[in-house]
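S.K.: Once you've had a glance at the structure underneath, I'll fire off some questions.
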Amino acid sequence: MANEADVLKALEKVPGPGGVSLVASNAVSGINVAGTKAFVSISGDPARAKEWEAIRLAAERAVGEIGGVERAIVTLTAEHAPRPEPARDHGHGHHHDRGPAVAAPRRGIIAAVERIRFIVAVASGKGGVGKSTTAANLALGLAAQGWRVGLLDADVYGPSAPRLFGLHGKPQVADGKMVPLEAYGVKVMSIGFLVDENVPMVWRGPMVSQALTQMLGEVAWGELDALVVDMPPGTGDVQLTLAQQVPLAGAVIVSTPQDLALIDARRAVSMFQKVEAPILGIIENMSYFLCPHCGGRTDVFSHGGARHDAEKLGVPFLGEVPLDAAIRETSDAGRPVVGADPQGAHAAIYLNLAAKVKTLLETQTRRAGPVIVKG
């Protein structure tokens with residue numbers, strides 16, 4: 001089985017600009033070997049993108065020839081870190097300390113997403129609250145209302161989009177960009193299309209962030225009204241990278257009603273507020289259970305906690321989604337309920353949520369890059 005040392009040895013034979021090897025020029029910024037797959041990130045000057053793309057392909061060939069490596073994936077990242085934003089004068093004759101400035105968006109990513117009207121993050125403070133199912137059906141709900149929609153599965157450690165949408169196979173590459181797969185009229189991209197679902201993604205934070213920027217900037221999204229980003233749970237590197245790199249139109253927070261989930265949901269709200277991303281609203285998922293036999297209602301995880309928190313935090317409450325076997329079954333089968341049964345009662349719930357999000361997006365202006373604030 002190959003290891004990182006084998007990959008480095010292979011990359012020593014790949015010349016970068018000026019003839020110096022990628023290793024000697026410190027262009028290799030990350031290596032991870034997972035079973036028979038090798039992932040490498042190399043840093044290059046975005047102004048010389050065509051030259052660096054040729055180098056990337058040469059590196060991919062070199063790593064692919066290593067014994068034990070069946071697939072090599074080499075990604076390009078920007079070489080130079082953006083300069084921090086200067087302190088701002090707020091008109092009081094002195095500068096206020098607003099904490100560290102967020103990096104300016106990378107040019108390649110901005111070029112890739114500038115034809116997207118709204119980028120919406122669907123997030124949660126913890127896993128297991130049904131965020132990915134909500135994101136998938138929210139995207140389908142927006143598409144059902146005539147919008148051109150894409151979904152980016154940004155959960156590198158646990159990608160769900162391939163299973164949720166019933167999609168398989170590798171994205172095609174056209175003009176140097178990956179072409180997203182499509183289901184029910186929604187364009188979908190996920191790291192799960194590139195890596196077997198049984199292979200664990202044992203990546204450090206920088207490599208995760210690099211994978212996210214590649215899926216944003218090196219995908220042929222085309223003209224979209226909305227790109228729904230299914231975020232990983234928590235408030236870590238991916239969330240900060242997204243806030244740094246793209247003009248977020250807003251965030252939708254998903255939570256279940258019980259206190260433990262709501263504590264984490266409040267953290268997610270606070271994180272997006274710190275990077276000045278509008279909170280479009282909170283959704284209470286698994287809000288209640290209706291017995292399919294007797295019609296009786298049970299509040300399995302309590303009820304109303306998300307609505308109460310939304311009122312307390314001063315953010316919109318978008319609505320409730322029940323705990324129902326049909327939603328779970330269609331998701332597991334790769335047929336999200338809005339796509340599988342668009343006229344059904346459960347689809348109506350998501351369509352109503354999507355209509356609210358659509359209205360909120362259309363009534364606000366697209367904002368510029370954020371600044372992290374203390375507090």
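Ligands are numbered from 1 in the order shown, residues from 1 within each chain, and chains are lettered A, B, ... in the order they appear in the structure tokens.
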Write out as a short mmCIF file (atom, residue, chain, number, x, y, z; two decimals) with C-alpha atoms, in the first residue's frame each polymer residue whose atoms come within 12 Å of Lys356 (chain A), counting only C-alpha atoms; drop sequence neighbours fewer than 5 positions from it.
M.R.:
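Output file result34.cif is given in full below:
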```cif
data_model
loop_
_atom_site.label_atom_id
_atom_site.label_comp_id
_atom_site.auth_asym_id
_atom_site.auth_seq_id
_atom_site.Cartn_x
_atom_site.Cartn_y
_atom_site.Cartn_z
CA LEU A 138 -35.35 22.81 -0.03
CA GLY A 141 -38.68 23.16 -3.59
CA LEU A 142 -36.92 26.18 -5.06
CA GLN A 145 -41.03 27.29 -8.26
CA VAL A 252 -30.96 28.46 7.02
CA LEU A 280 -32.88 33.55 6.65
CA GLY A 281 -34.52 31.53 9.38
CA ILE A 282 -34.70 28.42 11.54
CA ILE A 283 -36.47 25.18 10.62
CA PRO A 316 -37.43 34.30 11.24
CA PHE A 317 -39.02 30.96 12.09
CA LEU A 318 -39.60 29.22 8.77
CA GLY A 319 -41.71 26.27 9.90
CA ILE A 349 -44.32 21.38 3.74
CA TYR A 350 -40.97 21.76 1.97
CA LEU A 351 -42.53 23.77 -0.86
CA LEU A 361 -33.89 36.21 -0.83
CA GLU A 362 -35.75 38.34 -3.35
CA THR A 363 -36.40 41.08 -0.82
#
```
S.K.: Skip Ala226 (chain A) itself and residues of its chain fewer than 3 positions away, then list as a list in words all residues within 7 Å of it, counting only C-alpha atoms.
M.R.: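 What passes the distance filter is Ile116, Arg117, Phe118, Ile119, Arg148, Val149 and Gly150 of chain A.
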S.K.: Between A:Leu164, A:Leu216, A:Val186, A:Ala5, which is the closest to Glu329 (chain A) once you count only C-alpha atoms?
M.R.: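 So, comparing all the options, the nearest one is A:Leu164.
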S.K.: What is the distance, in Å and to one decimal place, between CA of Leu242 (chain A) and CA of Thr256 (chain A)?
M.R.: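 We find that CA of Leu242 (chain A) and CA of Thr256 (chain A) lie 24.1 Å from each other.
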S.K.: CA of Glu70 (chain A) and CA of Ala2 (chain A), how far apart in Å?
M.R.: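 One can read the CA of Ala2 (chain A) to CA of Glu70 (chain A) distance as 10.1 Å.
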S.K.: In Å, with one decimal, what is the gap from CA of Gly339 (chain A) to CA of Gly192 (chain A)?
M.R.: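 Result for CA of Gly339 (chain A) versus CA of Gly192 (chain A): 20.8 Å, one decimal.
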S.K.: From the list A:Ala38, A:Ala123, A:Met207, A:Ile31, which residue is nearest Val229 (chain A) when using only C-alpha atoms?
M.R.: A:Ala123
S.K.: Would you kindly return, as a tab-separated table (two decimals) with C-alpha atoms, in the first residue's frame, each protein, DNA or RNA residue with an atom no farther than 10 Å from any atom of region 127-135 of chain A, considering only C-alpha atoms and excluding same-chain residues fewer than 3 positions away?
M.R.:
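selection_6.tsv, written as the output of this step:
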```tsv
chain	number	residue	atom	x	y	z
A	120	VAL	CA	-27.63	29.82	0.64
A	121	ALA	CA	-26.00	27.79	3.41
A	122	VAL	CA	-28.12	25.13	5.12
A	123	ALA	CA	-26.45	24.49	8.45
A	124	SER	CA	-26.86	22.93	11.87
A	138	LEU	CA	-35.35	22.81	-0.03
A	139	ALA	CA	-33.34	22.83	-3.28
A	140	LEU	CA	-36.05	20.82	-5.00
A	141	GLY	CA	-38.68	23.16	-3.59
A	151	LEU	CA	-26.83	21.89	-4.56
A	152	LEU	CA	-23.27	21.69	-3.24
A	153	ASP	CA	-22.64	18.93	-0.71
A	155	ASP	CA	-19.86	17.87	4.07
A	159	PRO	CA	-21.27	13.39	1.94
A	160	SER	CA	-24.98	12.59	1.61
A	161	ALA	CA	-26.00	14.03	-1.76
A	164	LEU	CA	-30.14	11.36	-1.32
A	165	PHE	CA	-30.44	12.07	-5.05
A	228	VAL	CA	-27.94	25.56	-1.84
A	229	VAL	CA	-24.87	24.54	0.18
A	230	ASP	CA	-25.38	21.57	2.49
A	231	MET	CA	-22.90	22.42	5.23
A	232	PRO	CA	-21.20	19.94	7.56
A	233	PRO	CA	-22.45	20.12	11.15
A	234	GLY	CA	-20.71	22.46	13.56
A	252	VAL	CA	-30.96	28.46	7.02
A	253	ILE	CA	-30.45	26.75	10.39
A	254	VAL	CA	-31.94	23.28	10.96
A	255	SER	CA	-32.59	21.97	14.47
A	256	THR	CA	-34.71	19.43	16.28
A	257	PRO	CA	-36.81	20.70	19.20
A	261	ALA	CA	-29.91	20.36	19.65
A	264	ASP	CA	-25.88	23.89	19.09
A	283	ILE	CA	-36.47	25.18	10.62
A	284	GLU	CA	-37.67	22.79	13.32
A	285	ASN	CA	-37.13	19.31	11.88
A	286	MET	CA	-38.63	16.13	13.41
A	321	VAL	CA	-41.22	19.40	9.44
A	323	LEU	CA	-40.87	13.02	11.84
A	327	ILE	CA	-39.55	11.27	4.33
A	328	ARG	CA	-36.91	8.85	5.59
A	330	THR	CA	-37.74	8.37	0.04
A	331	SER	CA	-34.43	9.89	1.15
A	332	ASP	CA	-32.82	6.49	1.65
A	336	PRO	CA	-36.34	13.00	-2.04
A	337	VAL	CA	-39.99	13.48	-1.19
A	350	TYR	CA	-40.97	21.76	1.97
A	353	LEU	CA	-40.44	26.47	3.35
```
S.K.: Could you check which of A:Val238, A:Val69, A:Ile42, A:Leu313 is closest to Arg56 (chain A), using only C-alpha atoms?
M.R.: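 Checking each of A:Val238, A:Val69, A:Ile42, A:Leu313 against Arg56 (chain A), counting only C-alpha atoms, the winner is A:Ile42.
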S.K.: Taking only C-alpha atoms into account, name the residue in A:Ser190, A:Leu76, A:Leu22, A:Val33 that is nearest to Arg48 (chain A).
M.R.: A:Leu76
S.K.: Counting only C-alpha atoms, which residue out of A:Asn352, A:Tyr184, A:Ala249, A:Lys37 sits closest to Glu320 (chain A)?
M.R.: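 Closest to Glu320 (chain A) of all the choices is A:Asn352.
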S.K.: Name the residues in contact with Arg71 (chain A) at a cut-off of 12 Å, using only C-alpha atoms, excluding same-chain residues fewer than 5 positions from it; report them as a PyMOL selection string.
M.R.: chain A and resi 2+33-40+60-66+194-196
